[in-house]
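Structure below is structure04.txt: compact mmCIF, N, CA and C atoms.
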```txt
# COMPACT_ATOMS: atom_id res chain seq x y z
N MET C 1 101.24 107.46 92.87
CA MET C 1 100.17 108.37 92.45
C MET C 1 100.79 109.58 91.77
N LEU C 2 100.15 110.05 90.75
CA LEU C 2 100.63 111.21 90.01
C LEU C 2 100.56 112.46 90.87
N ILE C 3 101.54 113.33 90.71
CA ILE C 3 101.57 114.58 91.47
C ILE C 3 100.29 115.39 91.22
N GLU C 4 99.84 115.44 89.99
CA GLU C 4 98.64 116.21 89.66
C GLU C 4 97.44 115.70 90.47
N GLN C 5 97.30 114.39 90.59
CA GLN C 5 96.18 113.83 91.35
C GLN C 5 96.30 114.14 92.84
N ILE C 6 97.50 114.14 93.35
CA ILE C 6 97.72 114.50 94.76
C ILE C 6 97.33 115.95 94.98
N ILE C 7 97.73 116.83 94.07
CA ILE C 7 97.39 118.26 94.18
C ILE C 7 95.87 118.42 94.20
N ILE C 8 95.20 117.77 93.28
CA ILE C 8 93.74 117.86 93.21
C ILE C 8 93.10 117.41 94.52
N GLY C 9 93.54 116.28 95.02
CA GLY C 9 92.99 115.75 96.27
C GLY C 9 93.18 116.68 97.45
N LYS C 10 94.39 117.20 97.59
CA LYS C 10 94.69 118.07 98.72
C LYS C 10 93.93 119.40 98.64
N LEU C 11 93.87 119.98 97.45
CA LEU C 11 93.17 121.26 97.31
C LEU C 11 91.67 121.09 97.49
N ASN C 12 91.12 120.01 96.98
CA ASN C 12 89.69 119.74 97.19
C ASN C 12 89.38 119.56 98.67
N LYS C 13 90.21 118.82 99.35
CA LYS C 13 89.99 118.56 100.78
C LYS C 13 90.09 119.84 101.61
N GLU C 14 91.08 120.65 101.35
CA GLU C 14 91.34 121.84 102.17
C GLU C 14 90.42 123.01 101.84
N PHE C 15 90.13 123.23 100.55
CA PHE C 15 89.44 124.45 100.15
C PHE C 15 88.02 124.23 99.64
N ASN C 16 87.61 122.98 99.41
CA ASN C 16 86.27 122.70 98.89
C ASN C 16 85.91 123.69 97.77
N PRO C 17 86.71 123.74 96.73
CA PRO C 17 86.52 124.77 95.70
C PRO C 17 85.27 124.57 94.85
N THR C 18 84.71 125.68 94.39
CA THR C 18 83.62 125.61 93.43
C THR C 18 84.18 125.39 92.03
N ILE C 19 85.41 125.84 91.82
CA ILE C 19 86.13 125.62 90.56
C ILE C 19 87.56 125.25 90.90
N LEU C 20 88.06 124.21 90.26
CA LEU C 20 89.45 123.82 90.40
C LEU C 20 89.93 123.32 89.05
N LYS C 21 90.87 124.05 88.47
CA LYS C 21 91.46 123.67 87.20
C LYS C 21 92.96 123.57 87.41
N ILE C 22 93.49 122.44 87.04
CA ILE C 22 94.94 122.24 87.15
C ILE C 22 95.45 121.82 85.78
N LYS C 23 96.46 122.53 85.33
CA LYS C 23 97.05 122.22 84.03
C LYS C 23 98.52 121.89 84.22
N ASN C 24 98.89 120.72 83.77
CA ASN C 24 100.30 120.33 83.77
C ASN C 24 100.94 120.99 82.55
N GLU C 25 101.77 121.98 82.79
CA GLU C 25 102.41 122.72 81.70
C GLU C 25 103.84 122.27 81.45
N SER C 26 104.19 121.13 81.96
CA SER C 26 105.56 120.64 81.82
C SER C 26 105.97 120.46 80.36
N PHE C 27 105.00 120.10 79.52
CA PHE C 27 105.29 119.88 78.10
C PHE C 27 105.81 121.14 77.41
N MET C 28 105.58 122.29 78.02
CA MET C 28 106.01 123.57 77.45
C MET C 28 107.46 123.90 77.82
N HIS C 29 108.11 122.99 78.53
CA HIS C 29 109.45 123.25 79.05
C HIS C 29 110.41 122.14 78.64
N ASN C 30 111.65 122.39 78.86
CA ASN C 30 112.71 121.46 78.47
C ASN C 30 112.88 120.39 79.55
N VAL C 31 111.89 119.49 79.62
CA VAL C 31 111.91 118.40 80.60
C VAL C 31 111.54 117.11 79.88
N PRO C 32 111.83 115.96 80.48
CA PRO C 32 111.45 114.69 79.83
C PRO C 32 109.93 114.58 79.64
N MET C 33 109.55 113.79 78.65
CA MET C 33 108.13 113.55 78.38
C MET C 33 107.44 113.01 79.63
N ASP C 34 106.19 113.38 79.82
CA ASP C 34 105.36 112.94 80.94
C ASP C 34 105.85 113.47 82.30
N SER C 35 106.64 114.52 82.28
CA SER C 35 107.10 115.13 83.53
C SER C 35 105.94 115.82 84.23
N GLU C 36 106.08 116.01 85.52
CA GLU C 36 105.13 116.76 86.33
C GLU C 36 105.93 117.77 87.15
N THR C 37 106.41 118.78 86.45
CA THR C 37 107.30 119.76 87.07
C THR C 37 106.77 121.19 87.04
N HIS C 38 105.83 121.47 86.15
CA HIS C 38 105.30 122.82 85.97
C HIS C 38 103.76 122.75 85.93
N PHE C 39 103.13 123.49 86.84
CA PHE C 39 101.67 123.45 86.91
C PHE C 39 101.07 124.85 86.99
N LYS C 40 99.85 124.96 86.49
CA LYS C 40 99.05 126.16 86.67
C LYS C 40 97.77 125.73 87.40
N ILE C 41 97.43 126.48 88.45
CA ILE C 41 96.23 126.19 89.23
C ILE C 41 95.31 127.40 89.18
N VAL C 42 94.05 127.15 88.84
CA VAL C 42 92.99 128.14 88.99
C VAL C 42 92.03 127.54 90.01
N ILE C 43 91.87 128.23 91.13
CA ILE C 43 91.03 127.72 92.21
C ILE C 43 90.12 128.83 92.72
N VAL C 44 88.85 128.47 92.90
CA VAL C 44 87.85 129.41 93.40
C VAL C 44 87.23 128.79 94.64
N SER C 45 87.34 129.51 95.75
CA SER C 45 86.83 128.98 97.02
C SER C 45 86.34 130.11 97.91
N ASP C 46 85.26 129.85 98.63
CA ASP C 46 84.78 130.81 99.63
C ASP C 46 85.80 131.02 100.74
N LYS C 47 86.68 130.07 100.92
CA LYS C 47 87.70 130.20 101.98
C LYS C 47 88.71 131.32 101.69
N PHE C 48 88.72 131.84 100.46
CA PHE C 48 89.62 132.93 100.11
C PHE C 48 89.02 134.31 100.33
N LYS C 49 87.77 134.36 100.77
CA LYS C 49 87.09 135.63 101.00
C LYS C 49 87.87 136.45 102.04
N ASN C 50 88.15 137.69 101.71
CA ASN C 50 88.84 138.64 102.61
C ASN C 50 90.27 138.22 102.98
N ILE C 51 90.88 137.38 102.16
CA ILE C 51 92.28 136.99 102.38
C ILE C 51 93.10 137.56 101.23
N PRO C 52 94.17 138.30 101.53
CA PRO C 52 95.01 138.87 100.47
C PRO C 52 95.62 137.77 99.58
N ASP C 53 95.89 138.14 98.34
CA ASP C 53 96.46 137.19 97.38
C ASP C 53 97.69 136.46 97.91
N ILE C 54 98.60 137.19 98.49
CA ILE C 54 99.84 136.57 98.96
C ILE C 54 99.56 135.52 100.04
N GLU C 55 98.58 135.77 100.88
CA GLU C 55 98.22 134.81 101.92
C GLU C 55 97.55 133.58 101.32
N ARG C 56 96.78 133.77 100.26
CA ARG C 56 96.17 132.64 99.56
C ARG C 56 97.26 131.73 99.00
N HIS C 57 98.25 132.35 98.39
CA HIS C 57 99.36 131.58 97.83
C HIS C 57 100.11 130.83 98.93
N LYS C 58 100.34 131.50 100.03
CA LYS C 58 101.03 130.84 101.16
C LYS C 58 100.24 129.64 101.66
N LEU C 59 98.92 129.76 101.74
CA LEU C 59 98.09 128.63 102.17
C LEU C 59 98.24 127.45 101.21
N ILE C 60 98.22 127.74 99.93
CA ILE C 60 98.34 126.68 98.93
C ILE C 60 99.73 126.04 98.99
N TYR C 61 100.77 126.87 99.10
CA TYR C 61 102.13 126.32 99.21
C TYR C 61 102.28 125.45 100.46
N LYS C 62 101.64 125.86 101.54
CA LYS C 62 101.71 125.07 102.78
C LYS C 62 101.04 123.71 102.60
N ILE C 63 99.87 123.70 101.99
CA ILE C 63 99.15 122.46 101.74
C ILE C 63 99.95 121.53 100.83
N LEU C 64 100.67 122.12 99.88
CA LEU C 64 101.43 121.34 98.90
C LEU C 64 102.92 121.27 99.23
N SER C 65 103.28 121.45 100.48
CA SER C 65 104.70 121.54 100.85
C SER C 65 105.51 120.31 100.42
N ILE C 66 104.97 119.15 100.55
CA ILE C 66 105.69 117.93 100.16
C ILE C 66 105.86 117.88 98.64
N GLU C 67 104.79 118.18 97.92
CA GLU C 67 104.83 118.14 96.45
C GLU C 67 105.75 119.22 95.88
N MET C 68 105.88 120.32 96.58
CA MET C 68 106.74 121.41 96.10
C MET C 68 108.20 120.98 96.00
N ASN C 69 108.58 119.93 96.69
CA ASN C 69 109.94 119.40 96.57
C ASN C 69 110.19 118.78 95.21
N LYS C 70 109.11 118.46 94.48
CA LYS C 70 109.21 117.81 93.17
C LYS C 70 108.80 118.73 92.02
N ILE C 71 108.17 119.86 92.36
CA ILE C 71 107.67 120.79 91.36
C ILE C 71 108.66 121.92 91.15
N HIS C 72 108.92 122.24 89.91
CA HIS C 72 109.84 123.33 89.60
C HIS C 72 109.13 124.68 89.58
N ALA C 73 107.88 124.70 89.06
CA ALA C 73 107.16 125.96 88.93
C ALA C 73 105.67 125.73 89.17
N LEU C 74 105.06 126.67 89.90
CA LEU C 74 103.64 126.61 90.18
C LEU C 74 103.05 128.00 90.00
N SER C 75 102.11 128.11 89.08
CA SER C 75 101.42 129.37 88.83
C SER C 75 100.05 129.25 89.49
N ILE C 76 99.72 130.21 90.36
CA ILE C 76 98.48 130.13 91.14
C ILE C 76 97.58 131.33 90.84
N TYR C 77 96.34 131.02 90.54
CA TYR C 77 95.28 132.03 90.40
C TYR C 77 94.19 131.61 91.37
N ALA C 78 94.14 132.26 92.53
CA ALA C 78 93.21 131.90 93.60
C ALA C 78 92.21 133.05 93.81
N PHE C 79 90.93 132.72 93.74
CA PHE C 79 89.87 133.73 93.83
C PHE C 79 88.78 133.29 94.78
N ASP C 80 88.06 134.27 95.33
CA ASP C 80 86.77 133.94 95.94
C ASP C 80 85.74 134.01 94.81
N ILE C 81 84.53 133.56 95.06
CA ILE C 81 83.54 133.45 93.98
C ILE C 81 83.18 134.80 93.38
N ASP C 82 83.12 135.85 94.20
CA ASP C 82 82.79 137.18 93.67
C ASP C 82 83.87 137.67 92.71
N GLN C 83 85.12 137.49 93.07
CA GLN C 83 86.23 137.89 92.20
C GLN C 83 86.18 137.12 90.88
N TYR C 84 85.94 135.84 90.97
CA TYR C 84 85.91 135.02 89.77
C TYR C 84 84.74 135.41 88.85
N ASN C 85 83.62 135.72 89.45
CA ASN C 85 82.46 136.12 88.65
C ASN C 85 82.66 137.47 87.96
N ASN C 86 83.63 138.26 88.43
CA ASN C 86 83.98 139.53 87.80
C ASN C 86 84.97 139.34 86.66
N LYS C 87 85.14 138.09 86.22
CA LYS C 87 85.98 137.73 85.07
C LYS C 87 87.44 138.20 85.20
N PRO C 88 88.16 137.58 86.12
CA PRO C 88 89.57 137.96 86.30
C PRO C 88 90.42 137.57 85.10
N ILE C 89 91.54 138.20 84.97
CA ILE C 89 92.48 137.88 83.90
C ILE C 89 93.36 136.72 84.36
N ILE C 90 93.38 135.69 83.56
CA ILE C 90 94.25 134.53 83.82
C ILE C 90 95.19 134.45 82.63
N ILE C 91 96.44 134.66 82.90
CA ILE C 91 97.46 134.79 81.84
C ILE C 91 97.93 133.42 81.36
N ASP C 92 98.03 133.29 80.03
CA ASP C 92 98.61 132.07 79.45
C ASP C 92 100.10 132.05 79.78
N SER C 93 100.59 130.88 80.12
CA SER C 93 102.01 130.74 80.43
C SER C 93 102.82 130.69 79.14
N PRO C 94 103.99 131.30 79.16
CA PRO C 94 104.84 131.26 77.95
C PRO C 94 105.58 129.93 77.85
N ASN C 95 105.96 129.58 76.64
CA ASN C 95 106.81 128.42 76.46
C ASN C 95 108.20 128.71 77.02
N CYS C 96 108.87 127.68 77.43
CA CYS C 96 110.21 127.81 77.96
C CYS C 96 111.16 128.30 76.84
N ALA C 97 112.08 129.13 77.20
CA ALA C 97 113.05 129.67 76.24
C ALA C 97 114.00 128.59 75.75
N ASN C 98 114.11 127.48 76.48
CA ASN C 98 115.06 126.43 76.14
C ASN C 98 114.46 125.28 75.33
N THR C 99 113.22 125.43 74.84
CA THR C 99 112.63 124.32 74.09
C THR C 99 112.87 124.47 72.62
```

Translate this structure into C-alpha cells?
Amino acid sequence: MLIEQIIIGKLNKEFNPTILKIKNESFMHNVPMDSETHFKIVIVSDKFKNIPDIERHKLIYKILSIEMNKIHALSIYAFDIDQYNNKPIIIDSPNCANT
C-alpha cells in the first residue's frame, strides 16, 4: 500500500477531519521518480480544539510513527474548524536546492 494512502487512513480514523489534504511533494526534491518521501498535510479537526500547535504535531507524529521511518520530511498544518475558517496562511513549500 502506498504511504500516502496509509497516512490518509490513519489520520481519518484518528481525527475524523472535516478537511484533509495530503500532497506528495517528493517530486520537488532530488529523489527517484514516484518517491513518497516528502509530504504536506493540511488537516482540520474538532479534536484539535484547545490543543497547542506543538501538541497537535506530536499527536500526528505519534499516529504516523511507523511511516515516519520512511518519510524524509513532513509539513503539518493542523487546525480546528474555527481557526481554519479564519483563513490561516498555508505556505507553499520551496523546491529542493539540489534539483

Which of segment 37-95 of chain C DSSP labels strand (DSSP E or B), written as a PDB file with N, CA and C atoms, in the frame of the given file:
```
ATOM      1  N   HIS C  38     105.830 121.470  86.150  1.00  0.00           N
ATOM      2  CA  HIS C  38     105.300 122.820  85.970  1.00  0.00           C
ATOM      3  C   HIS C  38     103.760 122.750  85.930  1.00  0.00           C
ATOM      4  N   PHE C  39     103.130 123.490  86.840  1.00  0.00           N
ATOM      5  CA  PHE C  39     101.670 123.450  86.910  1.00  0.00           C
ATOM      6  C   PHE C  39     101.070 124.850  86.990  1.00  0.00           C
ATOM      7  N   LYS C  40      99.850 124.960  86.490  1.00  0.00           N
ATOM      8  CA  LYS C  40      99.050 126.160  86.670  1.00  0.00           C
ATOM      9  C   LYS C  40      97.770 125.730  87.400  1.00  0.00           C
ATOM     10  N   ILE C  41      97.430 126.480  88.450  1.00  0.00           N
ATOM     11  CA  ILE C  41      96.230 126.190  89.230  1.00  0.00           C
ATOM     12  C   ILE C  41      95.310 127.400  89.180  1.00  0.00           C
ATOM     13  N   VAL C  42      94.050 127.150  88.840  1.00  0.00           N
ATOM     14  CA  VAL C  42      92.990 128.140  88.990  1.00  0.00           C
ATOM     15  C   VAL C  42      92.030 127.540  90.010  1.00  0.00           C
ATOM     16  N   ILE C  43      91.870 128.230  91.130  1.00  0.00           N
ATOM     17  CA  ILE C  43      91.030 127.720  92.210  1.00  0.00           C
ATOM     18  C   ILE C  43      90.120 128.830  92.720  1.00  0.00           C
ATOM     19  N   VAL C  44      88.850 128.470  92.900  1.00  0.00           N
ATOM     20  CA  VAL C  44      87.850 129.410  93.400  1.00  0.00           C
ATOM     21  C   VAL C  44      87.230 128.790  94.640  1.00  0.00           C
ATOM     22  N   ALA C  73     107.880 124.700  89.060  1.00  0.00           N
ATOM     23  CA  ALA C  73     107.160 125.960  88.930  1.00  0.00           C
ATOM     24  C   ALA C  73     105.670 125.730  89.170  1.00  0.00           C
ATOM     25  N   LEU C  74     105.060 126.670  89.900  1.00  0.00           N
ATOM     26  CA  LEU C  74     103.640 126.610  90.180  1.00  0.00           C
ATOM     27  C   LEU C  74     103.050 128.000  90.000  1.00  0.00           C
ATOM     28  N   SER C  75     102.110 128.110  89.080  1.00  0.00           N
ATOM     29  CA  SER C  75     101.420 129.370  88.830  1.00  0.00           C
ATOM     30  C   SER C  75     100.050 129.250  89.490  1.00  0.00           C
ATOM     31  N   ILE C  76      99.720 130.210  90.360  1.00  0.00           N
ATOM     32  CA  ILE C  76      98.480 130.130  91.140  1.00  0.00           C
ATOM     33  C   ILE C  76      97.580 131.330  90.840  1.00  0.00           C
ATOM     34  N   TYR C  77      96.340 131.020  90.540  1.00  0.00           N
ATOM     35  CA  TYR C  77      95.280 132.030  90.400  1.00  0.00           C
ATOM     36  C   TYR C  77      94.190 131.610  91.370  1.00  0.00           C
ATOM     37  N   ALA C  78      94.140 132.260  92.530  1.00  0.00           N
ATOM     38  CA  ALA C  78      93.210 131.900  93.600  1.00  0.00           C
ATOM     39  C   ALA C  78      92.210 133.050  93.810  1.00  0.00           C
ATOM     40  N   PHE C  79      90.930 132.720  93.740  1.00  0.00           N
ATOM     41  CA  PHE C  79      89.870 133.730  93.830  1.00  0.00           C
ATOM     42  C   PHE C  79      88.780 133.290  94.780  1.00  0.00           C
TER      43      PHE C  79
END
```

Contacts of segment 82-90 of chain C at 8 Å or less, counting only N, CA and C atoms, minus same-chain residues fewer than 2 places along, as a JSON list (two decimals) with N, CA and C atoms, in the frame of the given file?
```json
[["chain", "number", "residue", "atom", "x", "y", "z"],
["C", 44, "VAL", "N", 88.85, 128.47, 92.90],
["C", 44, "VAL", "CA", 87.85, 129.41, 93.40],
["C", 44, "VAL", "C", 87.23, 128.79, 94.64],
["C", 45, "SER", "N", 87.34, 129.51, 95.75],
["C", 45, "SER", "CA", 86.83, 128.98, 97.02],
["C", 45, "SER", "C", 86.34, 130.11, 97.91],
["C", 46, "ASP", "N", 85.26, 129.85, 98.63],
["C", 46, "ASP", "CA", 84.78, 130.81, 99.63],
["C", 46, "ASP", "C", 85.80, 131.02, 100.74],
["C", 49, "LYS", "N", 87.77, 134.36, 100.77],
["C", 49, "LYS", "CA", 87.09, 135.63, 101.00],
["C", 49, "LYS", "C", 87.87, 136.45, 102.04],
["C", 77, "TYR", "N", 96.34, 131.02, 90.54],
["C", 77, "TYR", "CA", 95.28, 132.03, 90.40],
["C", 77, "TYR", "C", 94.19, 131.61, 91.37],
["C", 78, "ALA", "N", 94.14, 132.26, 92.53],
["C", 78, "ALA", "CA", 93.21, 131.90, 93.60],
["C", 78, "ALA", "C", 92.21, 133.05, 93.81],
["C", 79, "PHE", "N", 90.93, 132.72, 93.74],
["C", 79, "PHE", "CA", 89.87, 133.73, 93.83],
["C", 79, "PHE", "C", 88.78, 133.29, 94.78],
["C", 80, "ASP", "N", 88.06, 134.27, 95.33],
["C", 80, "ASP", "CA", 86.77, 133.94, 95.94],
["C", 80, "ASP", "C", 85.74, 134.01, 94.81],
["C", 92, "ASP", "N", 98.03, 133.29, 80.03],
["C", 92, "ASP", "CA", 98.61, 132.07, 79.45],
["C", 92, "ASP", "C", 100.10, 132.05, 79.78],
["C", 93, "SER", "N", 100.59, 130.88, 80.12],
["C", 93, "SER", "CA", 102.01, 130.74, 80.43],
["C", 93, "SER", "C", 102.82, 130.69, 79.14]]
```

Item to check | Exercise: segment 8-25 of chain C partners within 5 Å, only N, CA and C atoms, chain neighbours under 3 positions left out, as a ChimeraX atom specification | outcome: /C:4-5,28,38-45

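Interatomic distance, atom CA of Phe48 of chain C against atom N of Ile81 of chain C: 7.2 Å.
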
Checklist entry - In Å to one decimal, how far is atom C of Ile76 of chain C from atom C of Asp53 of chain C? => result 8.7 Å

Item to check | Straight-line distance linking atom CA of Ile3 of chain C with atom CA of Glu67 of chain C, stated in Å to one decimal | outcome: 6.9 Å
